[in-house]
>>> print(open('upload_38.pdb').read())   # PDB, C-alpha atoms and all ligand atoms
ATOM      1  CA  MET A   1       0.000   0.000   0.000
ATOM      2  CA  THR A   2       1.261   3.429  -0.834
ATOM      3  CA  LEU A   3       0.689   6.294   1.482
ATOM      4  CA  ASN A   4      -1.744   8.790   0.097
ATOM      5  CA  THR A   5      -0.196  12.030   1.184
ATOM      6  CA  GLN A   6      -1.338  14.149  -1.710
ATOM      7  CA  LYS A   7      -3.221  17.293  -0.987
ATOM      8  CA  GLU A   8      -6.872  17.498  -1.902
ATOM      9  CA  GLY A   9      -7.108  21.145  -2.724
ATOM     10  CA  LYS A  10     -10.804  21.965  -2.238
ATOM     11  CA  GLU A  11     -11.524  19.468   0.517
ATOM     12  CA  PRO A  12     -13.937  21.283   2.850
ATOM     13  CA  LEU A  13     -13.290  19.048   5.851
ATOM     14  CA  ARG A  14     -10.691  19.997   8.372
ATOM     15  CA  ARG A  15      -9.364  16.448   8.479
ATOM     16  CA  ARG A  16      -8.623  14.389   5.444
ATOM     17  CA  ALA A  17      -8.809  10.648   5.118
ATOM     18  CA  SER A  18      -5.908   8.794   6.575
ATOM     19  CA  THR A  19      -4.246   5.809   5.048
ATOM     20  CA  PRO A  20      -3.342   3.023   7.427
ATOM     21  CA  ILE A  21      -0.201   1.059   6.683
ATOM     22  CA  PRO A  22      -0.501  -2.650   7.464
ATOM     23  CA  SER A  23       1.461  -3.680  10.508
ATOM     24  CA  SER A  24       2.821  -6.628   8.535
ATOM     25  CA  ARG A  25       5.283  -4.181   7.057
ATOM     26  CA  LEU A  26       6.552  -3.292  10.448
ATOM     27  CA  ALA A  27       6.341  -6.826  11.738
ATOM     28  CA  SER A  28       8.277  -8.185   8.787
ATOM     29  CA  ARG A  29      11.335  -6.210   9.664
ATOM     30  CA  GLY A  30      12.852  -8.770  12.017
ATOM     31  CA  GLY A  31      15.761  -7.386  13.981
ATOM     32  CA  ARG A  32      17.038  -5.019  11.352
ATOM     33  CA  ASP A  33      18.002  -1.464  11.786
ATOM     34  CA  PRO A  34      14.710   0.418  11.398
ATOM     35  CA  SER A  35      16.272   3.387   9.755
ATOM     36  CA  ALA A  36      17.568   1.173   6.958
ATOM     37  CA  ASP A  37      14.140  -0.239   6.254
ATOM     38  CA  PRO A  38      12.365   0.768   3.056
ATOM     39  CA  TYR A  39       9.066   1.024   4.952
ATOM     40  CA  HIS A  40      10.461   3.043   7.769
ATOM     41  CA  PRO A  41       8.580   6.320   7.294
ATOM     42  CA  PRO A  42      11.323   8.739   6.332
ATOM     43  CA  LEU A  43       9.761  11.847   7.655
ATOM     44  CA  ALA A  44      11.180  15.181   6.786
ATOM     45  CA  GLN A  45      11.670  17.631   9.563
ATOM     46  CA  SER A  46      13.523  20.805  10.194
ATOM     47  CA  ALA A  47      17.081  19.929  11.039
ATOM     48  CA  SER A  48      17.086  22.396  13.880
ATOM     49  CA  TYR A  49      14.305  20.555  15.674
ATOM     50  CA  HIS A  50      15.685  17.054  15.550
ATOM     51  CA  PRO A  51      19.265  17.169  14.389
ATOM     52  CA  GLY A  52      20.409  13.848  15.800
ATOM     53  CA  ASP A  53      17.885  11.600  14.082
ATOM     54  CA  LYS A  54      19.567   9.922  11.160
ATOM     55  CA  SER A  55      16.380   8.092  10.280
ATOM     56  CA  ILE A  56      14.822  11.313   9.059
ATOM     57  CA  HIS A  57      15.314  11.849   5.384
ATOM     58  CA  SER A  58      13.890  14.209   2.860
ATOM     59  CA  ARG A  59      10.227  13.584   2.187
ATOM     60  CA  ALA A  60      10.945  13.188  -1.495
ATOM     61  CA  ASP A  61      12.699   9.905  -0.611
ATOM     62  CA  TRP A  62       9.508   8.379   0.733
ATOM     63  CA  SER A  63       8.284   6.750  -2.430
ATOM     64  CA  SER A  64       8.075   7.664  -6.033
ATOM     65  CA  ASP A  65       4.347   8.281  -6.048
ATOM     66  CA  SER A  66       3.688   9.406  -2.519
ATOM     67  CA  ASP A  67       4.506  13.009  -2.792
ATOM     68  CA  SER A  68       3.774  15.641  -5.304
ATOM     69  CA  ASP A  69       3.932  18.462  -2.815
ATOM     70  CA  SER A  70       7.317  19.217  -1.431
ATOM     71  CA  SER A  71       6.055  22.303   0.389
ATOM     72  CA  GLY A  72       4.558  20.085   3.085
ATOM     73  CA  SER A  73       7.889  18.510   3.909
ATOM     74  CA  GLU A  74       8.458  20.792   6.891
ATOM     75  CA  SER A  75       5.442  19.616   8.822
ATOM     76  CA  LEU A  76       5.219  15.842   8.942
ATOM     77  CA  TYR A  77       5.736  14.178  12.308
ATOM     78  CA  ARG A  78       5.644  10.715  13.836
ATOM     79  CA  VAL A  79       3.529  10.448  16.948
ATOM     80  CA  VAL A  80       3.982   7.190  18.870
ATOM     81  CA  LEU A  81       1.306   5.827  21.211
ATOM     82  CA  LEU A  82       2.677   4.143  24.322
ATOM     83  CA  GLY A  83       0.855   2.459  27.177
ATOM     84  CA  ASP A  84      -0.261  -0.807  28.719
ATOM     85  CA  HIS A  85      -2.439  -3.429  27.124
ATOM     86  CA  GLY A  86      -6.108  -2.451  26.852
ATOM     87  CA  VAL A  87      -5.826   1.205  27.838
ATOM     88  CA  GLY A  88      -7.329   2.385  24.556
ATOM     89  CA  LYS A  89      -4.372   3.175  22.292
ATOM     90  CA  SER A  90      -5.960   1.580  19.220
ATOM     91  CA  SER A  91      -9.304   3.190  19.965
ATOM     92  CA  LEU A  92      -7.657   6.625  20.048
ATOM     93  CA  ALA A  93      -5.691   5.851  16.862
ATOM     94  CA  ASN A  94      -8.882   4.719  15.116
ATOM     95  CA  ILE A  95     -10.614   7.971  15.973
ATOM     96  CA  PHE A  96      -7.611   9.883  14.643
ATOM     97  CA  ALA A  97      -7.823   7.847  11.442
ATOM     98  CA  GLY A  98     -11.577   8.329  11.156
ATOM     99  CA  ILE A  99     -12.259   4.598  11.492
ATOM    100  CA  GLN A 100     -15.707   3.926  12.931
ATOM    101  CA  GLU A 101     -15.923   1.497  15.836
ATOM    102  CA  LYS A 102     -18.167  -0.811  13.815
ATOM    103  CA  ASP A 103     -15.531  -0.982  11.059
ATOM    104  CA  ALA A 104     -12.571  -1.423  13.394
ATOM    105  CA  HIS A 105     -12.399  -5.182  12.743
ATOM    106  CA  LYS A 106     -11.814  -4.484   9.042
ATOM    107  CA  HIS A 107      -8.692  -2.566   9.983
ATOM    108  CA  ALA A 108      -7.286  -5.144  12.382
ATOM    109  CA  GLY A 109      -3.543  -5.434  11.867
ATOM    110  CA  GLU A 110      -3.207  -1.859  10.689
ATOM    111  CA  ASP A 111      -1.380   0.301  13.109
ATOM    112  CA  ILE A 112       0.217   3.262  11.357
ATOM    113  CA  TYR A 113      -2.008   6.079  10.168
ATOM    114  CA  GLU A 114      -1.219   9.264   8.362
ATOM    115  CA  LYS A 115      -3.488  12.257   8.307
ATOM    116  CA  THR A 116      -3.166  15.977   7.710
ATOM    117  CA  LEU A 117      -4.779  18.154  10.357
ATOM    118  CA  THR A 118      -5.533  21.820  10.023
ATOM    119  CA  VAL A 119      -4.802  23.399  13.357
ATOM    120  CA  ASP A 120      -4.922  27.169  13.803
ATOM    121  CA  GLU A 121      -5.318  27.520  10.035
ATOM    122  CA  GLU A 122      -2.086  25.686   9.338
ATOM    123  CA  GLU A 123      -1.647  22.153   8.041
ATOM    124  CA  THR A 124       0.437  19.550   9.782
ATOM    125  CA  THR A 125       0.649  15.900   8.869
ATOM    126  CA  LEU A 126       0.868  13.369  11.663
ATOM    127  CA  VAL A 127       1.857   9.747  11.264
ATOM    128  CA  VAL A 128       0.334   8.084  14.290
ATOM    129  CA  MET A 129       2.022   4.802  15.229
ATOM    130  CA  ASP A 130       0.073   2.305  17.310
ATOM    131  CA  THR A 131       2.940  -0.164  17.208
ATOM    132  CA  TRP A 132       3.907  -0.403  20.860
ATOM    133  CA  GLU A 133       4.326  -4.019  22.008
ATOM    134  CA  THR A 134       2.868  -4.414  25.471
ATOM    135  CA  GLU A 135       3.794  -8.064  25.948
ATOM    136  CA  LYS A 136       7.034  -8.854  27.709
ATOM    137  CA  GLN A 137       9.635  -9.034  24.969
ATOM    138  CA  GLU A 138      12.337 -11.627  24.464
ATOM    139  CA  GLU A 139      15.785 -10.075  24.326
ATOM    140  CA  ASP A 140      16.019 -10.450  20.517
ATOM    141  CA  GLU A 141      12.535  -8.950  20.062
ATOM    142  CA  LYS A 142      13.209  -5.865  22.129
ATOM    143  CA  TRP A 143      13.978  -3.957  18.956
ATOM    144  CA  VAL A 144      10.276  -3.159  18.446
ATOM    145  CA  GLN A 145      10.132  -1.272  21.724
ATOM    146  CA  ASP A 146      13.509   0.352  21.074
ATOM    147  CA  TYR A 147      12.288   1.336  17.640
ATOM    148  CA  CYS A 148       9.173   2.998  19.078
ATOM    149  CA  MET A 149      11.250   4.867  21.643
ATOM    150  CA  GLN A 150      13.670   6.098  19.010
ATOM    151  CA  VAL A 151      11.499   7.138  16.084
ATOM    152  CA  GLY A 152       8.857   9.376  17.610
ATOM    153  CA  ASN A 153       8.881  13.099  17.086
ATOM    154  CA  ALA A 154       6.211  13.232  19.785
ATOM    155  CA  TYR A 155       4.669  10.749  22.227
ATOM    156  CA  ILE A 156       1.246  10.051  23.669
ATOM    157  CA  ILE A 157       1.497   7.951  26.827
ATOM    158  CA  VAL A 158      -1.876   6.427  27.616
ATOM    159  CA  TYR A 159      -3.186   4.895  30.808
ATOM    160  CA  SER A 160      -6.681   3.917  31.804
ATOM    161  CA  ILE A 161      -8.238   5.846  34.670
ATOM    162  CA  THR A 162      -9.817   2.529  35.711
ATOM    163  CA  ASP A 163      -6.491   0.716  36.040
ATOM    164  CA  ARG A 164      -3.921   1.962  38.515
ATOM    165  CA  SER A 165      -1.209  -0.357  37.292
ATOM    166  CA  SER A 166      -1.486   1.185  33.810
ATOM    167  CA  PHE A 167      -0.953   4.585  35.453
ATOM    168  CA  GLU A 168       2.204   3.270  37.111
ATOM    169  CA  SER A 169       3.370   1.845  33.791
ATOM    170  CA  ALA A 170       2.826   5.249  32.201
ATOM    171  CA  SER A 171       5.265   6.784  34.693
ATOM    172  CA  GLU A 172       7.796   4.068  33.918
ATOM    173  CA  LEU A 173       7.411   4.712  30.213
ATOM    174  CA  ARG A 174       7.987   8.406  30.779
ATOM    175  CA  ILE A 175      11.204   7.624  32.684
ATOM    176  CA  GLN A 176      12.329   5.201  29.974
ATOM    177  CA  LEU A 177      11.679   7.801  27.307
ATOM    178  CA  ARG A 178      13.582  10.429  29.217
ATOM    179  CA  ARG A 179      16.551   8.058  29.529
ATOM    180  CA  ILE A 180      16.576   7.093  25.848
ATOM    181  CA  ARG A 181      15.940  10.562  24.414
ATOM    182  CA  GLN A 182      17.778  12.503  27.078
ATOM    183  CA  ALA A 183      18.943  15.620  25.338
ATOM    184  CA  GLU A 184      15.765  16.166  23.326
ATOM    185  CA  ASN A 185      12.852  18.346  24.197
ATOM    186  CA  ILE A 186      10.207  15.983  22.796
ATOM    187  CA  PRO A 187       6.508  16.809  23.146
ATOM    188  CA  ILE A 188       4.821  14.279  25.408
ATOM    189  CA  ILE A 189       1.185  14.155  26.446
ATOM    190  CA  LEU A 190       0.056  11.928  29.284
ATOM    191  CA  VAL A 191      -3.474  10.702  28.596
ATOM    192  CA  GLY A 192      -5.909   9.312  31.145
ATOM    193  CA  ASN A 193      -8.344   7.448  28.898
ATOM    194  CA  LYS A 194     -11.768   5.906  29.656
ATOM    195  CA  SER A 195     -12.930   8.977  31.552
ATOM    196  CA  ASP A 196     -16.503   7.872  30.855
ATOM    197  CA  LEU A 197     -16.110   4.962  33.297
ATOM    198  CA  VAL A 198     -16.716   7.181  36.291
ATOM    199  CA  ARG A 199     -17.710   4.457  38.723
ATOM    200  CA  SER A 200     -14.627   2.330  38.051
ATOM    201  CA  ARG A 201     -12.189   5.195  38.385
ATOM    202  CA  GLU A 202      -8.967   4.224  40.184
ATOM    203  CA  VAL A 203      -6.829   7.230  39.262
ATOM    204  CA  ALA A 204      -7.999  10.723  40.194
ATOM    205  CA  VAL A 205      -7.659  13.600  37.732
ATOM    206  CA  GLU A 206      -5.396  15.342  40.241
ATOM    207  CA  GLU A 207      -3.042  12.367  40.271
ATOM    208  CA  GLY A 208      -2.741  12.438  36.509
ATOM    209  CA  ARG A 209      -2.107  16.159  36.581
ATOM    210  CA  ALA A 210       0.477  15.870  39.366
ATOM    211  CA  CYS A 211       2.256  13.119  37.470
ATOM    212  CA  ALA A 212       2.427  15.338  34.386
ATOM    213  CA  VAL A 213       3.891  18.157  36.464
ATOM    214  CA  VAL A 214       6.531  15.887  37.950
ATOM    215  CA  PHE A 215       7.418  14.399  34.588
ATOM    216  CA  ASP A 216       7.275  17.694  32.766
ATOM    217  CA  CYS A 217       4.701  16.783  30.172
ATOM    218  CA  LYS A 218       1.159  17.759  29.222
ATOM    219  CA  PHE A 219      -1.955  16.053  30.495
ATOM    220  CA  ILE A 220      -5.464  15.392  29.283
ATOM    221  CA  GLU A 221      -8.241  12.962  30.122
ATOM    222  CA  THR A 222     -10.091  11.430  27.193
ATOM    223  CA  SER A 223     -12.865   9.021  26.465
ATOM    224  CA  ALA A 224     -12.372   7.180  23.211
ATOM    225  CA  SER A 225     -15.836   5.685  23.642
ATOM    226  CA  LEU A 226     -17.497   9.084  23.785
ATOM    227  CA  HIS A 227     -14.921  10.751  21.490
ATOM    228  CA  HIS A 228     -14.403  13.188  24.316
ATOM    229  CA  ASN A 229     -11.222  15.282  24.092
ATOM    230  CA  VAL A 230      -9.736  13.054  21.384
ATOM    231  CA  HIS A 231      -9.529  15.736  18.701
ATOM    232  CA  GLU A 232      -8.230  18.113  21.352
ATOM    233  CA  LEU A 233      -5.515  15.563  22.099
ATOM    234  CA  PHE A 234      -4.275  15.331  18.505
ATOM    235  CA  GLU A 235      -4.584  19.054  17.937
ATOM    236  CA  GLY A 236      -2.698  19.497  21.206
ATOM    237  CA  ILE A 237       0.161  17.355  20.030
ATOM    238  CA  VAL A 238       0.396  19.424  16.843
ATOM    239  CA  ARG A 239       0.541  22.614  18.911
ATOM    240  CA  GLN A 240       3.152  21.155  21.227
ATOM    241  CA  ILE A 241       5.333  20.200  18.264
ATOM    242  CA  ARG A 242       4.993  23.670  16.759
ATOM    243  CA  LEU A 243       5.608  25.453  20.047
ATOM    244  CA  ARG A 244       8.883  23.624  20.521
ATOM    245  CA  GLN A 245       9.997  24.464  17.032
ATOM    246  CA  ASP A 246       8.987  28.085  17.383
ATOM    247  CA  SER A 247      10.418  28.473  20.839
ATOM    248  CA  LYS A 248      13.748  27.061  19.794
ATOM    249  CA  GLU A 249      14.087  29.519  16.926
ATOM    250  CA  ILE A 250      12.656  32.468  18.837
ATOM    251  CA  ASN A 251      14.704  31.703  21.932
ATOM    252  CA  GLU A 252      17.908  31.633  19.982
ATOM    253  CA  ARG A 253      17.092  34.972  18.370
ATOM    254  CA  ARG A 254      15.801  36.465  21.601
ATOM    255  CA  ARG A 255      18.810  35.325  23.589
ATOM    256  CA  SER A 256      21.235  37.119  21.318
ATOM    257  CA  VAL A 257      19.174  40.353  21.307
ATOM    258  CA  TYR A 258      18.390  40.108  25.005
ATOM    259  CA  LYS A 259      21.999  39.693  25.983
ATOM    260  CA  ARG A 260      22.799  42.982  24.335
ATOM    261  CA  LYS A 261      19.775  44.960  25.513
ATOM    262  CA  GLU A 262      19.141  43.769  29.032
ATOM    263  CA  SER A 263      19.330  46.630  31.470
ATOM    264  CA  ILE A 264      20.579  46.392  35.028
ATOM    265  CA  THR A 265      17.048  47.012  36.323
ATOM    266  CA  LYS A 266      15.750  44.058  34.356
ATOM    267  CA  LYS A 267      18.561  41.888  35.584
ATOM    268  CA  ALA A 268      17.737  42.838  39.163
ATOM    269  CA  ARG A 269      14.050  42.114  38.624
ATOM    270  CA  ARG A 270      14.818  38.728  37.118
ATOM    271  CA  PHE A 271      17.036  37.919  40.073
ATOM    272  CA  LEU A 272      14.295  38.897  42.528
ATOM    273  CA  ASP A 273      11.689  36.896  40.613
ATOM    274  CA  ARG A 274      13.877  33.829  40.845
ATOM    275  CA  LEU A 275      14.394  34.396  44.536
ATOM    276  CA  VAL A 276      10.664  34.672  45.154
ATOM    277  CA  ALA A 277       9.933  31.571  43.078
ATOM    278  CA  LYS A 278      12.557  29.616  44.983
ATOM    279  CA  ASN A 279      11.015  30.615  48.283
ATOM    280  CA  ASN A 280       7.602  29.761  47.114
ATOM    281  CA  LYS A 281       7.900  26.346  45.546
ATOM    282  CA  LYS A 282       4.293  25.547  46.313
ATOM    283  CA  MET A 283       3.209  28.528  44.274
ATOM    284  CA  ALA A 284       5.475  27.525  41.424
ATOM    285  CA  MET A 285       3.989  24.012  41.462
ATOM    286  CA  LYS A 286       0.495  25.480  41.378
ATOM    287  CA  VAL A 287       1.324  27.655  38.402
ATOM    288  CA  ARG A 288       2.845  24.711  36.533
ATOM    289  CA  SER A 289      -0.008  22.351  37.318
ATOM    290  CA  LYS A 290      -2.396  24.968  36.041
ATOM    291  CA  SER A 291      -0.716  24.943  32.668
ATOM    292  CA  CYS A 292      -0.027  21.216  32.276
ATOM    293  CA  HIS A 293      -3.543  20.643  30.962
ATOM    294  CA  ASP A 294      -3.367  23.553  28.546
ATOM    295  CA  LEU A 295      -2.116  21.879  25.394
ATOM    296  CA  ALA A 296      -1.800  25.186  23.565
ATOM    297  CA  VAL A 297       1.066  26.510  25.673
ATOM    298  CA  LEU A 298       4.516  25.155  26.441
TER     299      LEU A 298
HETATM  300  N1  LIG B   1     -15.486   2.621  28.274
HETATM  301  C1  LIG B   1     -14.432   2.821  27.505
HETATM  302  N2  LIG B   1     -13.859   1.783  26.883
HETATM  303  C2  LIG B   1     -12.777   2.030  26.100
HETATM  304  C3  LIG B   1     -12.271   3.337  25.900
HETATM  305  N3  LIG B   1     -11.205   3.259  25.069
HETATM  306  C4  LIG B   1     -11.070   1.963  24.772
HETATM  307  N4  LIG B   1     -12.013   1.213  25.378
HETATM  308  C5  LIG B   1     -12.183  -0.237  25.298
HETATM  309  O1  LIG B   1     -11.058  -0.852  25.907
HETATM  310  C6  LIG B   1     -10.698  -2.033  25.215
HETATM  311  C7  LIG B   1      -9.240  -1.957  24.785
HETATM  312  O2  LIG B   1      -9.101  -0.885  23.871
HETATM  313  P1  LIG B   1      -7.920  -0.842  22.808
HETATM  314  O3  LIG B   1      -8.073   0.412  22.035
HETATM  315  O4  LIG B   1      -7.848  -2.104  22.037
HETATM  316  O5  LIG B   1      -6.668  -0.791  23.778
HETATM  317  P2  LIG B   1      -5.107  -0.891  23.383
HETATM  318  O6  LIG B   1      -4.383  -0.020  24.313
HETATM  319  O7  LIG B   1      -4.911  -0.635  21.941
HETATM  320  O8  LIG B   1      -4.815  -2.412  23.716
HETATM  321  P3  LIG B   1      -3.642  -3.324  23.068
HETATM  322  O9  LIG B   1      -3.823  -3.267  21.577
HETATM  323  O10 LIG B   1      -3.896  -4.665  23.643
HETATM  324  O11 LIG B   1      -2.350  -2.753  23.521
HETATM  325  C8  LIG B   1     -11.653  -2.140  24.048
HETATM  326  O12 LIG B   1     -12.691  -3.004  24.394
HETATM  327  C9  LIG B   1     -12.182  -0.727  23.863
HETATM  328  O13 LIG B   1     -13.484  -0.699  23.322
HETATM  329  C10 LIG B   1     -12.934   4.417  26.558
HETATM  330  O14 LIG B   1     -12.577   5.609  26.461
HETATM  331  N5  LIG B   1     -13.996   4.101  27.344
END
>>> encode(input="upload_38.pdb", output="structure tokens", more="lines below")
Ligand SMILES: Nc1nc2c(ncn2[C@@H]2O[C@H](COP(=O)(O)OP(=O)(O)OP(=O)(O)O)[C@@H](O)[C@H]2O)c(=O)[nH]1
Amino acid sequence: MTLNTQKEGKEPLRRRASTPIPSSRLASRGGRDPSADPYHPPLAQSASYHPGDKSIHSRADWSSDSDSDSSGSESLYRVVLLGDHGVGKSSLANIFAGIQEKDAHKHAGEDIYEKTLTVDEEETTLVVMDTWETEKQEEDEKWVQDYCMQVGNAYIIVYSITDRSSFESASELRIQLRRIRQAENIPIILVGNKSDLVRSREVAVEEGRACAVVFDCKFIETSASLHHNVHELFEGIVRQIRLRQDSKEINERRRSVYKRKESITKKARRFLDRLVAKNNKKMAMKVRSKSCHDLAVL
């Protein structure tokens, strides 16, 4: 199957059809280096955002008939879903892909979906990968998990609010990700799914939020069953990706200008602000926890 990434000029819908790629392609890779694989999605990305990733090639390399629009090459990102068995990763991916629940069985075995979203009047293409292996892996099969940890430009870590152990696993995954992708400022959203199952709730919203604050990521509760907050989640990940790109460029520019212009008064104020924040850690925590569920800010 060839990815249909071509633009449909007059399409009135905000989201276009996605094209799932059969998992057999991924599964058939054996223990090979994923970046050398012909089916490894060679996503283009600005070098400044992700300079260390050798698996990212120019979009024109993808396939001969997959791309007639090179202008989109700057905004195509892999988003990897992580989380325990049964937390709702596939259900969230299906909603992203526009697959109805009743048709889900027809798409069994498909786990990579590409779709272009228009967020804040700008298009961004996401390749959502529901390829995480939750079973305990043999040593020689660990490459699938390693692959998932390495290739994402952004991550969605899902737990079920009805399953505390999945919440604990989500924290472990966050730690693992931090270890593997240490130097990178990757967008990560922690998702408490199944929020419709109110009576079976085992993890409070506040716990999810606190976890996100501790692990320095964003947080949202969703219900795949009710489609609640699912579009917000994927739009949020787009915004988080953009914000990091923007902030990196702006920060570099600002730093050089700021260094020159900063007055002594400003320096003193900054020093005092830091002092106050240090003395008032509780306040700082409150401010951060307030923003961890706002997916439109850093
Ligand atoms: N009530 C409720 N059920 C959900 C929700 N999301 C998923 N489910 C159900 O939970 C079960 C597991 O969902 P999946 O999407 O297959 O979970 P998964 O994380 O992909 O599981 P694995 O593929 O085994 O890793 C299914 O029966 C879904 O219908 C939700 O938001 N609310």
>>> atom_distance(input="upload_38.pdb", atom1="atom CA of A:His231", atom2="atom O7 of ligand LIG 1 (chain B)")
17.3 Å
>>> residues_near_ligand(input="upload_38.pdb", ligand="ligand LIG 1 (chain B)", cutoff="7 Å", atoms="only C-alpha atoms and all ligand atoms", output="ChimeraX atom specification")
/A:83-92,133-134,193-197,222-226
>>> residues_around(input="upload_38.pdb", residues="A:Ile156", least_positions_apart="2", cutoff="7 Å", atoms="only C-alpha atoms", output="list in words")
Val80, Leu81, Leu82, Val158, Ile188, Ile189, Leu190 and Val191 of chain A
>>> atom_distance(input="upload_38.pdb", atom1="atom CA of A:Asp146", atom2="atom CA of A:Leu177")
9.9 Å
>>> residues_around(input="upload_38.pdb", residues="A:Arg239", least_positions_apart="6", cutoff="8 Å", atoms="only C-alpha atoms", output="JSON, numbers by chain")
{"A": [119, 295, 296, 297]}
>>> atom_distance(input="upload_38.pdb", atom1="atom CA of A:Leu76", atom2="atom CA of A:Gly192")
25.7 Å
>>> closest_residue(input="upload_38.pdb", among="A:Phe234, A:Tyr159, A:Tyr113, A:Tyr77", to="A:Asn94", atoms="all atoms listed in the file")
A:Tyr113
>>> closest_residue(input="upload_38.pdb", among="A:Ser171, A:Gln182, A:Thr116, A:Gln240", to="A:Val214", atoms="only C-alpha atoms")
A:Ser171
>>> resolve_selection(input="upload_38.pdb", expression="the PyMOL selection byres (((chain A and resi 145) around 10) and not hetatm)", output="PyMOL selection string")
chain A and resi 82+131-134+137+141-144+146-150
>>> closest_residue(input="upload_38.pdb", among="A:Leu298, A:Gly109, A:Val205, A:Thr162", to="A:Asp246", atoms="all atoms listed in the file")
A:Leu298
>>> resolve_selection(input="upload_38.pdb", expression="the PyMOL selection byres (((chain A and resi 121) around 12) and not hetatm)", output="number ranges by chain")
A: 14-15, 116-120, 122-124, 235, 239
>>> closest_residue(input="upload_38.pdb", among="A:Ile241, A:Ser160, A:Ser200, A:His227", to="A:Asn185", atoms="all atoms listed in the file")
A:Ile241
>>> residues_around(input="upload_38.pdb", residues="A:Cys211", least_positions_apart="4", cutoff="12 Å", atoms="only C-alpha atoms", output="PyMOL selection string")
chain A and resi 157+159+167-172+174-175+189-192+203-207+215-220+285+288-289+292-293
>>> closest_residue(input="upload_38.pdb", among="A:Ile112, A:Val198, A:Val79, A:Ile99", to="A:Gly152", atoms="all atoms listed in the file")
A:Val79
>>> axis_aligned_box(input="upload_38.pdb", around="stretch 160-163 of chain A", padding_each_side="4 Å", output="AutoDock Vina command-line options")
--center_x -8.2 --center_y 3.3 --center_z 33.9 --size_x 11.3 --size_y 13.1 --size_z 12.2
